[in-house]
Amino acid sequence: MAVKPNFFIVGAPKCGTTALYEYLRPHPHIFMPAEKEPHFFATDLNPYPIVKTLEKYLQLFQESTQQHLRVGEGSVQYLRSSAAIPRIYEFNPDAKIIAMLRNPVDMVYSYHSEILDWGIEDESDFGTAWRLQERRSRGLDLPPGIASPLLVQYADIGRLAEQTQRLLSIFPPSQVKLILYDDFASAPQRVYAEVLEFLEVPHDGRTEFPRINENRRARLPWLPRSQG
């Protein structure tokens, strides 16, 4: 019988999701696939769904065993997607959901720097890139070769309050863990312990929480790799 994931890190970008993912993966009672960001449930956000069929999606978890009390994945655009959270609930209404949040201004500024580094964005001035959003939504002034205008819609990416309200309107609050980036950055050991308690798995004794450079670790298969 195919294993169904029972917890999800749903976002947001530049809020520490990659670091949390890497901290959780070695836990003996947690299984997370080596490939982060399948975005299977974000069907409204082309080109994000990397894995497009249920069969391929479930194959991501086929190496999990009975010792894994929690099986999960992390896709940062699930929180932004209007389709993903309802689809996750339909897929597994008992799932635990982790959302990592940040001051939206800081988040979108950091996101702009990251995609500029990746070669997705070609406008180095954030203010100019922000003002270009409306034209870009109509397919104008887009960076060469960009996969979708959605990648440079900064205001949409930063609507964390609206996105979180949608999440909490679908999943019961008891199944949702909200983490503030500043708390995670300043006290990763404490937040990590809280996450394990939320997931109902025993602590593994981890005491080392090295800084994870998300700019280099959170790549997606359709993003340019020559920038790394």
# chains A, B, ... in the order shown; residues from 1 in each chain; ligands from 1
>>> residues_around(residues="Ala161 in chain A", least_positions_apart="6", cutoff="10 Å", atoms="only C-alpha atoms", output="PyMOL selection string")
chain A and resi 101+104+167
>>> residues_around(residues="range 181-190 of chain A", least_positions_apart="3", cutoff="9 Å", atoms="only C-alpha atoms", output="list in words")
Lys14, Cys15, Gly16, Leu20, Met100, Leu101, Arg102, Asn103, Ala193, Glu194, Val195, Arg206, Thr207, Glu208, Phe209 and Arg211 of chain A
>>> residues_around(residues="Ser124 in chain A", least_positions_apart="6", cutoff="12 Å", atoms="only C-alpha atoms", output="count of residues only")
10
>>> residues_around(residues="range 44-53 of chain A", least_positions_apart="3", cutoff="7 Å", atoms="only C-alpha atoms", output="JSON, numbers by chain")
{"A": [38, 39, 40, 56, 57, 81, 83, 147, 148]}
>>> write_last_selection(atoms="N, CA and C atoms", output="short mmCIF file (atom, residue, chain, number, x, y, z; two decimals), in the first residue's frame")
data_model
loop_
_atom_site.label_atom_id
_atom_site.label_comp_id
_atom_site.auth_asym_id
_atom_site.auth_seq_id
_atom_site.Cartn_x
_atom_site.Cartn_y
_atom_site.Cartn_z
N PRO A 38 8.12 19.37 -4.39
CA PRO A 38 7.37 18.76 -5.50
C PRO A 38 6.20 19.62 -5.96
N HIS A 39 5.62 20.40 -5.05
CA HIS A 39 4.51 21.31 -5.38
C HIS A 39 3.35 20.61 -6.09
N PHE A 40 3.15 19.36 -5.76
CA PHE A 40 2.13 18.55 -6.44
C PHE A 40 0.73 19.15 -6.34
N LYS A 56 3.40 9.31 -9.34
CA LYS A 56 4.76 9.82 -9.19
C LYS A 56 4.94 10.48 -7.82
N TYR A 57 3.90 11.16 -7.37
CA TYR A 57 3.97 11.82 -6.07
C TYR A 57 4.17 10.81 -4.95
N SER A 81 -0.70 29.26 -2.95
CA SER A 81 -1.64 28.67 -3.89
C SER A 81 -3.06 28.65 -3.31
N ALA A 83 -5.27 26.67 -4.55
CA ALA A 83 -5.72 25.29 -4.75
C ALA A 83 -5.07 24.32 -3.78
N ALA A 147 9.90 31.37 -16.64
CA ALA A 147 8.92 30.30 -16.83
C ALA A 147 7.48 30.79 -16.68
N SER A 148 7.25 31.79 -15.82
CA SER A 148 5.91 32.29 -15.58
C SER A 148 5.95 33.67 -14.95
#
>>> atom_distance(atom1="CA of Tyr192 in chain A", atom2="CA of Ala84 in chain A")
25.0 Å
>>> closest_residue(among="A:Ile212, A:Pro86, A:Gly139, A:Val108", to="Phe126 in chain A", atoms="only C-alpha atoms")
A:Val108
>>> closest_residue(among="A:Gln165, A:Thr128, A:Thr18, A:Thr43", to="Gly74 in chain A", atoms="only C-alpha atoms")
A:Thr18
